[in-house]
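Colleague: Please see the structure below; I have some questions.
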Amino acid sequence: MITRLLVANRGEIARRIVRTCRELGVGTVAVFSDPDEHEPFVAEADLAVRLPGATPAETYLRGDAIVAAATAAGADAVHPGYGFLSENADFARAVLAAGLTWVGPPPDVVEGMGSKIAAKQRMAAAGVPVLPELAPQDVTAADLPLLVKASAGGGGRGMRIVRSLGELADQLAGARREAESAFGDGTVFCEPLLTAARHVEVQVLADEHGTVWALGERECSIQRRHQKIVEETPSPAVDEALRARLCDAAVTAARAVGYVGAGTVEFLLDERGAFHFLEVNTRLQVEHPVTELVFGLDLVAWQLAVAEGAALPPEPPEPSGHAIEVRLCAEDPACDWRPSTGTLLRFDVPLVPGVRLDSGVETGSEVGVHYDPMLAKVIAWAPHRHAAARTLAAVLRGTRVHGLVTNRDLLADVLSHPAFLAGDTHTGFLDEHGLAGPRPAHDPRISALAAALAQAAGRRRGSHLPSGWRNVVSQPQRVSYLVGDDTVRVEYRHTRDGVLTDVPAHVVSVRSAGPQEHEVVLELAGVRHRFAVALHGDRAEVDSPLGAVSLLTAPRFPDPAERVLPGAAVAVVPGTVVRIGVGEGDRVAAGTELLVLEAMKMEHRVLATTDGTVAEVRVRRGDQVDAGDVLIVVEEQ
Amino acid sequence: MTVLRTGVDTGSPEYAANRAALLESLAALDAEHAKAVAGGGPKYTERHHRRGKLLARERVELLLDRDAPFLELSPLAAWGTDHAVGASVVTGIGVVEGVECVIVANDPTVRGGASNPWSLRKTFRAADIALANRLPLISLVESGGADLQSQSEIFIPGGRAFRDLTRLSAAGVPTVTAVFGNATAGGAYVPGLSDHVIMVADRAKVFLGGPPLVKMATGEEARDEELGGARMHGSVSGLADFVAEDETDAIRLTRRVVARLNHRKQGPPPAHEVEEPLLDADELLGVVPADLRVPFDPREVIGRVVDGSRFDEFKPAYGTSLVTGWASLHGYPVGVLANARGVLFSEESQKAAQFVQLANSAATPLIFLQNTTGYMVGTRYEQGGIVKHGAMMINAVSNSRVPHLTVVMGASYGAGNYGMCGRAFDPRFLFTWPNAKSAVMGPKQLAGVLSIVARQAAAAKGREYAEEHDAAMRELVEGQIEQQSLAPFLSGRLYDDGVIDPRDTRTVLGLCLSAVHSGPVEGAAGYGVFRM
């Protein structure tokens, strides 16, 4: 019997596991890195142990420290969650050696599946269809395009697409570095790249008495940077016959390796309906909630039960309805998925029946550079796929998430897209439909006007004299905002007869619910729209039926000392300098890679914007930099 | 507590006619204000912008806190003279970094920002307001100095500009000057006499004598920058405390200086909660008769100006031609004196004298709403002591020490102008409605008096009085008096602080009350001898 469980993880999955433990009456222990000290998952566990440091290598990847924490806190079991050490056999062994229960498959199984190269060979032997594997040194032009993958990988890390032989070496090196950093193992391999393929996976649950359940498939094709962002079950591309074949293959795979616990068998499903084994994930998947909602079970509870030696009933429950999950991430789809860091000023998801929120964050959470940019998962269940998609899209559109750039609008757009509703999802979905990249937004001046009026109302509080009153009129109030990289300027003037503005909107009302909360009603072409404006210092977050817009008030008086030098390469994300490609005095051409930053597990290349000579290198390898920091100055020729 | 109710019939033809007449006056007023805003006109404003410079009002707007109200003062200065409306300078009261300040900005598009006699009077008035109300004075300087054509009217009185600056400083009212361009010869003393000085690099020129004068005086070949550039003053002479990179930076630095003044208001703060009037200010346009001879109930005005339309009338049944009472305006307690039927009798005068003393004993600011034809004349009234009773009222008003605010709503004739705190009695602020008229007496009366006197003179000399000449004389005099009693004419001569839209009266008085509370609000400790 497990009485106290240490969760060797963070964020939403730690909270999710703790939630089940609370229902089961199992005590919980959290471990946390320094940046995570004030995150909700730490507060929600019964006990918490600090892992000094910030990087994963110093904290959540420190198996020894975690086992020590479990012992110190009197835990009798360890749940690894996903990522970090969840598929690390040595860690599983260390947990068992300490006399603790390991919530996961036996270490040998983890190890066997941990090497993707070895796993493919075993599956092929068991009769499960697999893709051919290419040794990096044997790759020829005929094999292109191909995918470089980390053997120990998952979650898209260490994964690179190669379209020409010229870039192979660079991409291999990058993938190795990323894999080394994320998994502590730099081994990579290559596979043919199937461009319009679907990513379909089968949830399996096996007990140690020989029962293996296949809990249907999950469709996880919609991805960015090889990371899933929309997942659902059942897959619109899988009919009963195919489902039966997939489930059979998954059960075969699980049995072939003596699988115990919850796991996932991933397949690539090509356009012709043929599927190829990709890998076995020997852990709980991020997207497990869709399966839970459709099958009406708690996979974490079953993981614990199986770990305690319980037997599964002979047959799994019958699935019902349709569930879709989206991953809300702090990243900017319009800027190459640039991660967004900072304080989450507000996080408010308008939940309705049938919608589940698995969130790692709350209003006030800090989102830093060290971990995955996923903030939360929002999952909707409905009897039918379209109903689930519509509900989930509406919840996302009503979500107020302030302080960070997120993929919220992109996710809602995907869910409402005709191709998605038609079930036509595949791994190239975002590119095919042009959903990645800048959104054709509404005129940001409309939201800027709402922000300006809210700020004016905020400033007026305490004074009863009319805002901006003039007995002799010379000019209106002028406010400039930065919306992304664009500057938006609006003018307004309060008059006896209402607000005059250069924005094509009629101001109906401005109401304040406090210094920070305002509601502005604007009439646009005869239709009244409500704009909820939240003010956070210089930032105004405007939510309306037109979409969310985050505006940063441009300073009226730019300090001359803060003006950026021409030719300065500036960090666009906060991160760590992992490589510097140039030295002072080097001549560079526009587009030359100056240095590489790592932020949230992604590498960001900083390129020269102009031809010239490197005048100054202001950072060293390993330096932590903030967004906006000047890294390298190139003197233009 | 009495809530004022309205007796105005907004559907009546009189109301509509009054409203139409006032709207017409307001349109004319807007046109005159637009002339001041236009400054030197498109040619010079474009040239100024091309040089990368901001206009005077653009500098002021950038200096003010966002969304802060700005009460421009004397915008019609020099109206009806040979000089441009506005007198090549912008003055007003606005909030900078949370501090109410008087701002004076030269308009360099009007004859290079040179001062004429009206610019001087307007600047003096701004300095007076700064001193009386303890408002920091911010000067945004770019002026070619004195308009030499009118030097004789400027040179001697002009020294007061410098005297005022140092006296403000001595009184603990901070003075801040930002120099955007020329401040030469006498103009150099504006930064020289200010507490805080900011100069714009490559633009500011501050010296007593420019290169030609130096060459003439000593033979030295000097250049502008060495003689008086911002960087020189910032690093060599020490006249500049801050050197700004450009105009925007100068405004930024000026704001930083003000933010660090630690200037605190000395008057009591207003009430936290403020109720808007229950009656609609817009109806003021129909309340005020187009014909000044038609009296109107000032309670219709008070009810549209004071908080919650609440007014506690003092002696409502005594001296009913003058309404007195207590109210609050934008949260500031005030006493109000308002003419009801124009004429002031002995009772009204005594009532006013008592009311003013009460306000002083309670340190309550007073608001005078003028619509008076003066003190009553006639045997009965002279015998009743109207002179000494009028004198009591004038005495009380003259020696009152609480802040006075005056609004000329209609007529302001004769000694009524004095008793109701006209310009000569130094109200802290005095504003005029566009329909108002001020003169020693009404044009008809004045022409009539002249006619009677002339007739008597003719009779005394035994000459025949030419009636046709009399009619022509009356018409001429009436026309001249009428023209000289109008609001823009008097405003042009700085006899008020501006002509305002009646609907803005509450806002203007609110801004003024806030300004006067920057200084201490205290009543008089003693009075002159009241002749009983």
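By convention in this document, the chains of the structure tokens carry letters A, B, ... by their order, each chain's residues are numbered from 1, and ligands are numbered from 1 in the order they are shown.
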Might you pull out every residue within 9 Å of B:Asp501, with only C-alpha atoms counted and same-chain residues fewer than 6 positions away left off, and present them as a list in words?

Modeller: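 Selected residues are Asn471 of chain A; Leu26, Leu29, Leu285, Thr432, Trp433 and Pro434 of chain B.
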
Colleague: Within 7 Å of chain B, which residues of chain A show up when using only C-alpha atoms, listed as a PDB file with C-alpha atoms, in the first residue's frame?

Modeller:
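This went into part-v3.pdb:
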ATOM      1  CA  ALA A 456      -7.511  57.664 -18.640  1.00  0.00           C
ATOM      2  CA  HIS A 464     -13.588  64.546 -10.162  1.00  0.00           C
ATOM      3  CA  LEU A 465     -12.395  67.096 -12.669  1.00  0.00           C
ATOM      4  CA  PRO A 466     -12.992  66.153 -16.270  1.00  0.00           C
ATOM      5  CA  SER A 467     -10.223  64.130 -17.874  1.00  0.00           C
ATOM      6  CA  GLY A 468      -8.053  66.107 -20.270  1.00  0.00           C
ATOM      7  CA  TRP A 469     -10.298  69.173 -20.097  1.00  0.00           C
ATOM      8  CA  ARG A 470      -9.240  72.234 -22.076  1.00  0.00           C
ATOM      9  CA  ASN A 471     -10.818  75.677 -22.305  1.00  0.00           C
ATOM     10  CA  VAL A 472      -8.682  76.304 -25.371  1.00  0.00           C
ATOM     11  CA  SER A 474      -5.003  72.690 -29.405  1.00  0.00           C
ATOM     12  CA  GLN A 477      -4.438  63.260 -26.029  1.00  0.00           C
ATOM     13  CA  PHE A 557       9.918  60.302 -22.838  1.00  0.00           C
TER      14      PHE A 557
END

Colleague: Just asking: which residues within stretch 67-221 of chain B are strand (DSSP E) according to DSSP, as a ChimeraX atom specification?

Modeller: /B:70-73,89-96,99-106,137-143,175-183,196-200

Colleague: Between atom CA of A:Glu219 and atom CA of A:Pro234, measure the distance and give it in Å to one decimal.

Modeller: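 Interatomic distance here is 7.0 Å.
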
Colleague: Extract, using only C-alpha atoms, all DNA, RNA and protein residues at most 9 Å from A:Gly321, discarding same-chain residues fewer than 4 positions from it, and format them as JSON, numbers by chain.

Modeller: {"A": [233, 234, 293, 294, 295, 381, 382, 383, 384, 385]}

Colleague: Please save C-alpha atoms of the selected residues as a CSV table (one decimal), in the first residue's frame.

Modeller:
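Wrote out_28.csv, looks like this:
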chain,number,residue,atom,x,y,z
A,233,THR,CA,-9.7,10.7,-28.9
A,234,PRO,CA,-11.0,9.0,-30.9
A,293,LEU,CA,-12.6,11.5,-20.1
A,294,VAL,CA,-13.7,9.1,-22.8
A,295,PHE,CA,-13.2,6.0,-20.8
A,381,TRP,CA,-15.6,16.3,-23.5
A,382,ALA,CA,-18.8,16.1,-25.5
A,383,PRO,CA,-20.9,13.3,-27.1
A,384,HIS,CA,-19.6,14.3,-30.5
A,385,ARG,CA,-16.4,15.7,-31.9

Colleague: Looking at A:Leu215, A:Ala69, A:Cys329, A:Val405, which one is nearest to A:Ser359, with distances taken over only C-alpha atoms?

Modeller: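 That would be A:Cys329, the residue with the smallest distance to A:Ser359.
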
Colleague: Show me, as a PyMOL selection string, the residues that have an atom within 10 Å of B:Ser150 when counting only C-alpha atoms, minus same-chain residues fewer than 5 positions from it.

Modeller: chain B and resi 115-117+155

Colleague: Can you write out the residues you just picked, keeping N, CA and C atoms, as an mmCIF file, in the first residue's frame?

Modeller:
data_model
loop_
_atom_site.group_PDB
_atom_site.id
_atom_site.type_symbol
_atom_site.label_atom_id
_atom_site.label_comp_id
_atom_site.auth_asym_id
_atom_site.auth_seq_id
_atom_site.Cartn_x
_atom_site.Cartn_y
_atom_site.Cartn_z
ATOM 1 N N SER B 115 8.342 89.694 -26.851
ATOM 2 C CA SER B 115 7.336 90.205 -25.916
ATOM 3 C C SER B 115 6.854 91.580 -26.333
ATOM 4 N N ASN B 116 5.541 91.767 -26.293
ATOM 5 C CA ASN B 116 4.970 93.094 -26.481
ATOM 6 C C ASN B 116 4.326 93.479 -25.152
ATOM 7 N N PRO B 117 3.761 94.651 -25.032
ATOM 8 C CA PRO B 117 3.217 95.053 -23.729
ATOM 9 C C PRO B 117 2.175 94.074 -23.196
ATOM 10 N N PHE B 155 10.240 98.362 -21.696
ATOM 11 C CA PHE B 155 11.521 98.375 -20.982
ATOM 12 C C PHE B 155 11.343 98.611 -19.478
#

Colleague: Closest to B:Val356 among B:Thr324, B:Asn371, B:Gln383, B:Thr406, using only C-alpha atoms?

Modeller: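 Closest candidate: B:Thr324.
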
Colleague: Out of stretch 330-552 of chain A, which residues get helix (DSSP H, G or I) from DSSP, as a PyMOL selection string?

Modeller: chain A and resi 333-335+385-398+408-416+418-421+429-432+444-460

Colleague: Near stretch 474-490 of chain B, counting only C-alpha atoms, which residues have an atom at most 10 Å away, once you skip same-chain residues fewer than 3 positions from it, shown as a count of residues only?

Modeller: 48

Colleague: Find the spatial neighbours of A:Glu603, counting only C-alpha atoms, within a cut-off of 12 Å - ignore same-chain residues fewer than 4 positions away - and output them as a VMD selection string.

Modeller: chain A and resid 157 to 160 171 174 to 175 177 to 179 181 to 182 225 336 to 339 369 572 to 579 595 to 599

Colleague: List as a PyMOL selection string the protein and nucleic acid residues near A:Ile2, meaning an atom at most 12 Å away when only C-alpha atoms are counted, but skip any in the same chain fewer than 2 places from it.

Modeller: chain A and resi 4-6+21+24-28+74-79+100-103+301+303-310

Colleague: Atom CA of B:Asn339 to atom CA of B:Gln370: how many Å, to one decimal?

Modeller: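 These atoms are spaced 5.9 Å apart.
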
Colleague: Counting only C-alpha atoms, which of B:Ala201, B:Leu208, B:Leu358, B:Leu369 gets nearest to B:Ala230?

Modeller: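 Smallest distance to B:Ala230 is found for B:Ala201.
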
Colleague: So, counting only C-alpha atoms, which residue among A:Glu279, A:Glu37, A:Glu325, A:Glu635 is closest to A:Thr264?

Modeller: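 For A:Thr264, the nearest of the candidates is A:Glu279.
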